[in-house]
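*Asks:* What follows is the file model17.txt, containing compact mmCIF, C-alpha atoms:
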```
# COMPACT_ATOMS: atom_id res chain seq x y z
CA MET A 1 -9.44 -22.58 -18.42
CA GLN A 2 -10.63 -25.76 -16.78
CA HIS A 3 -10.97 -27.28 -20.21
CA ARG A 4 -7.28 -26.60 -20.85
CA LYS A 5 -6.26 -28.42 -17.68
CA GLN A 6 -8.24 -31.45 -18.75
CA GLU A 7 -6.56 -31.52 -22.16
CA LYS A 8 -3.07 -31.55 -20.63
CA PRO A 9 -3.22 -33.76 -17.57
CA GLY A 10 -0.14 -33.72 -15.42
CA THR A 11 1.28 -30.44 -16.73
CA GLU A 12 1.17 -28.96 -13.26
CA PHE A 13 3.18 -31.86 -11.79
CA PRO A 14 5.43 -33.19 -14.53
CA LEU A 15 7.29 -36.42 -13.95
CA SER A 16 10.54 -34.64 -14.72
CA ASN A 17 10.71 -33.37 -11.15
CA PRO A 18 12.73 -35.38 -8.59
CA LEU A 19 9.68 -36.84 -6.84
CA GLY A 20 8.21 -37.91 -10.15
CA GLU A 21 11.48 -39.58 -11.12
CA ILE A 22 11.65 -41.40 -7.79
CA PHE A 23 8.05 -42.53 -8.16
CA THR A 24 8.67 -43.68 -11.74
CA GLN A 25 11.81 -45.62 -10.77
CA ASN A 26 10.02 -47.35 -7.89
CA ALA A 27 6.95 -48.11 -9.98
CA ASN A 28 9.11 -49.58 -12.75
CA LEU A 29 11.02 -51.67 -10.22
CA TRP A 30 7.75 -52.88 -8.69
CA PHE A 31 6.34 -53.85 -12.11
CA ALA A 32 9.58 -55.55 -13.20
CA THR A 33 9.76 -57.51 -9.93
CA HIS A 34 6.17 -58.67 -10.26
CA ALA A 35 6.60 -59.59 -13.94
CA GLU A 36 9.63 -61.70 -13.01
CA LEU A 37 7.73 -63.26 -10.12
CA LEU A 38 4.86 -64.22 -12.43
CA ALA A 39 7.29 -65.67 -14.98
CA ASN A 40 8.93 -67.75 -12.24
CA VAL A 41 5.57 -68.95 -10.94
CA ASP A 42 4.59 -69.87 -14.50
CA ALA A 43 7.78 -71.90 -15.01
CA LEU A 44 7.42 -73.49 -11.57
CA THR A 45 3.80 -74.45 -12.26
CA HIS A 46 4.59 -75.98 -15.65
CA THR A 47 7.44 -78.01 -14.19
CA TRP A 48 5.26 -79.12 -11.27
CA LEU A 49 2.46 -80.16 -13.65
CA GLY A 50 4.97 -82.10 -15.74
CA ARG A 51 6.04 -84.05 -12.66
CA ARG A 52 2.40 -84.69 -11.74
CA ARG A 53 1.78 -86.11 -15.23
CA GLU A 54 4.90 -88.23 -14.85
CA GLY A 55 3.57 -89.45 -11.49
CA VAL A 56 0.18 -90.39 -12.92
CA ASP A 57 1.81 -92.22 -15.83
CA SER A 58 4.15 -94.00 -13.42
CA MET A 59 1.24 -95.05 -11.21
CA ARG A 60 -0.77 -96.31 -14.19
CA GLU A 61 2.22 -98.32 -15.44
CA ALA A 62 2.91 -99.76 -11.95
CA ILE A 63 -0.72 -100.82 -11.52
CA GLN A 64 -0.74 -102.44 -14.95
CA GLN A 65 2.49 -104.32 -14.17
CA MET A 66 1.15 -105.45 -10.77
CA THR A 67 -2.10 -106.75 -12.25
CA GLU A 68 -0.13 -108.84 -14.75
CA CYS A 69 2.39 -110.20 -12.29
CA ARG A 70 2.02 -113.57 -10.53
CA ASP A 71 4.89 -113.30 -8.04
CA PRO A 72 4.29 -111.32 -4.80
CA ALA A 73 8.00 -110.43 -4.57
CA GLU A 74 7.90 -108.94 -8.06
CA MET A 75 4.73 -107.02 -7.13
CA LEU A 76 6.51 -105.59 -4.06
CA HIS A 77 9.49 -104.62 -6.24
CA ILE A 78 7.18 -102.77 -8.69
CA GLN A 79 5.49 -100.97 -5.79
CA GLN A 80 8.86 -99.95 -4.30
CA ASP A 81 10.06 -98.61 -7.67
CA TRP A 82 6.87 -96.59 -8.01
CA LEU A 83 7.19 -95.21 -4.45
CA SER A 84 10.84 -94.33 -5.04
CA GLY A 85 9.87 -92.32 -8.12
CA ALA A 86 7.06 -90.58 -6.25
CA LEU A 87 9.43 -89.56 -3.45
CA ARG A 88 12.03 -88.36 -5.98
CA ARG A 89 9.44 -86.17 -7.71
CA ALA A 90 8.26 -84.74 -4.38
CA SER A 91 11.86 -83.98 -3.42
CA GLU A 92 12.45 -82.25 -6.78
CA ASP A 93 9.31 -80.17 -6.21
CA VAL A 94 10.50 -78.97 -2.81
CA THR A 95 14.04 -78.29 -4.04
CA MET A 96 12.86 -76.30 -7.04
CA LEU A 97 10.40 -74.30 -4.94
CA ASN A 98 13.10 -73.40 -2.42
CA GLU A 99 15.55 -72.40 -5.15
CA ARG A 100 13.01 -70.23 -6.97
CA ILE A 101 11.86 -68.49 -3.80
CA ALA A 102 15.47 -67.78 -2.79
CA THR A 103 16.32 -66.45 -6.27
CA VAL A 104 13.26 -64.21 -6.52
CA THR A 105 13.75 -62.91 -2.98
CA GLN A 106 17.43 -62.13 -3.61
CA LYS A 107 16.71 -60.33 -6.89
CA ALA A 108 13.86 -58.32 -5.36
CA THR A 109 15.97 -57.36 -2.34
CA THR A 110 18.88 -56.30 -4.54
CA GLY A 111 16.57 -54.29 -6.78
CA PHE A 112 14.93 -52.49 -3.88
CA GLU A 113 18.30 -51.80 -2.24
CA THR A 114 19.56 -50.29 -5.49
CA ALA A 115 16.43 -48.15 -5.77
CA ALA A 116 16.78 -47.02 -2.16
CA ARG A 117 20.40 -45.97 -2.78
CA LYS A 118 19.35 -44.01 -5.88
CA VAL A 119 16.63 -42.27 -3.90
CA ALA A 120 19.01 -41.44 -1.04
CA GLU A 121 21.88 -40.18 -3.24
CA PRO A 122 20.41 -36.69 -3.79
CA LEU A 123 19.76 -36.38 -0.04
CA HIS A 124 23.40 -36.81 1.05
CA PRO A 125 24.66 -33.49 -0.40
CA VAL A 126 21.72 -31.68 1.21
CA SER A 127 22.52 -33.23 4.57
CA GLU A 128 26.16 -32.14 4.27
CA GLU A 129 25.10 -28.60 3.33
CA MET A 130 22.80 -28.48 6.34
CA ARG A 131 25.60 -29.68 8.65
CA GLN A 132 27.95 -27.03 7.32
CA ALA A 133 25.30 -24.34 7.63
CA ALA A 134 24.63 -25.36 11.23
CA GLY A 135 28.30 -25.06 12.15
CA ASN A 136 29.68 -26.26 15.47
CA LYS A 137 26.60 -26.15 17.61
CA PRO A 138 26.36 -28.10 20.84
CA HIS A 139 24.26 -31.23 20.91
CA GLY A 140 21.78 -32.09 23.64
CA GLY A 141 21.34 -28.51 24.88
CA ARG A 142 24.72 -28.39 26.63
CA SER A 143 27.95 -26.97 25.33
CA HIS A 144 31.32 -28.49 25.94
CA GLN A 145 32.16 -25.60 28.30
CA ASP A 146 29.30 -26.53 30.69
CA THR A 147 30.86 -29.87 31.60
```
Taking this structure as input, can you express it in the form of structure tokens?

*Replies:*
Amino acid sequence: MQHRKQEKPGTEFPLSNPLGEIFTQNANLWFATHAELLANVDALTHTWLGRRREGVDSMREAIQQMTECRDPAEMLHIQQDWLSGALRRASEDVTMLNERIATVTQKATTGFETAARKVAEPLHPVSEEMRQAAGNKPHGGRSHQDT
């Protein structure tokens, strides 16, 4: 008989019961949330690396222009242009990071709230049945007549 149980794992606790369904829904939500998070991190990383490449290219070009220039004012202008680009890229990095974190957090929160409502839905009718079965019983150990 033990051999039979090993051939059919999970037959004693099928996932078609309410707890199994709740577990499955939450597990699927967890996996979907993490897959989306990884996709966002991947996109964020690629964009960040693109800006880093742009920054290195910009620095190389600025250095080349400065080594060829004879006028200190022109050299200062090249340096300021390079610094302006570096600050713009840093600002874009921070903005994109904030936007992605806010988006992922909002989606995850909404997903978990939806899952929590689905889990709680079957409990509401039971709570109402229990209230009706209990009837008008006094709360706190005192009846209304004792006051």

*Asks:* With all atoms listed in the file as the atoms that count, which of A:Gly55, A:Thr67, A:Arg100, A:Phe112 lies nearest to A:Leu87?

*Replies:*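 Ranked by minimum distance to A:Leu87, first place goes to A:Gly55.
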
*Asks:* In Å, how far is it from atom CA of A:Thr24 to atom CA of A:Ala115?

*Replies:*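 Going from atom CA of A:Thr24 over to atom CA of A:Ala115, I get 10.8 Å.
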
*Asks:* Could you jot down the atom CA of A:Met66 to atom CA of A:Ile78 separation for me, Å, one decimal place?

*Replies:*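 Between these atoms lies a distance of 6.9 Å.
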
*Asks:* Hey, which of A:Met59, A:Asp93, A:Glu113, A:Gln132 ends up closest to A:His46? Count all atoms listed in the file.

*Replies:* A:Asp93

*Asks:* Select, from A:Thr45, A:Asn98, A:Ser58, A:Asn17, the residue with the minimum atom-to-atom distance to A:Trp82, counting only C-alpha atoms.

*Replies:*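 Ranked by minimum distance to A:Trp82, first place goes to A:Ser58.
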
*Asks:* Rounded to one decimal, what separation in Å do you get between atom CA of A:Asn40 and atom CA of A:Arg53?

*Replies:*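 Computed distance, atom CA of A:Asn40 to atom CA of A:Arg53, equals 19.9 Å.
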
*Asks:* For stretch 28-39 of chain A, find every residue with an atom within 9 Å (counting all atoms listed in the file), except residues of its own chain fewer than 5 positions away, and show them as a PyMOL selection string.

*Replies:* chain A and resi 23+44+104+107-108+111-112+115

*Asks:* In terms of the shortest atom-to-atom distance over all atoms listed in the file, which of A:Gln64, A:Asn26, A:Thr103, A:Ser91 is closest to A:Val41?

*Replies:* A:Thr103

*Asks:* Hey, could you pull the box centre and edge lengths for stretch 70-78 of chain A, axis-aligned, 8 Å padding per side, all listed atoms, to one decimal in Å, as AutoDock Vina command-line options?

*Replies:*
```
--center_x 5.8 --center_y -108.2 --center_z -7.3 --size_x 23.5 --size_y 26.8 --size_z 22.5
```
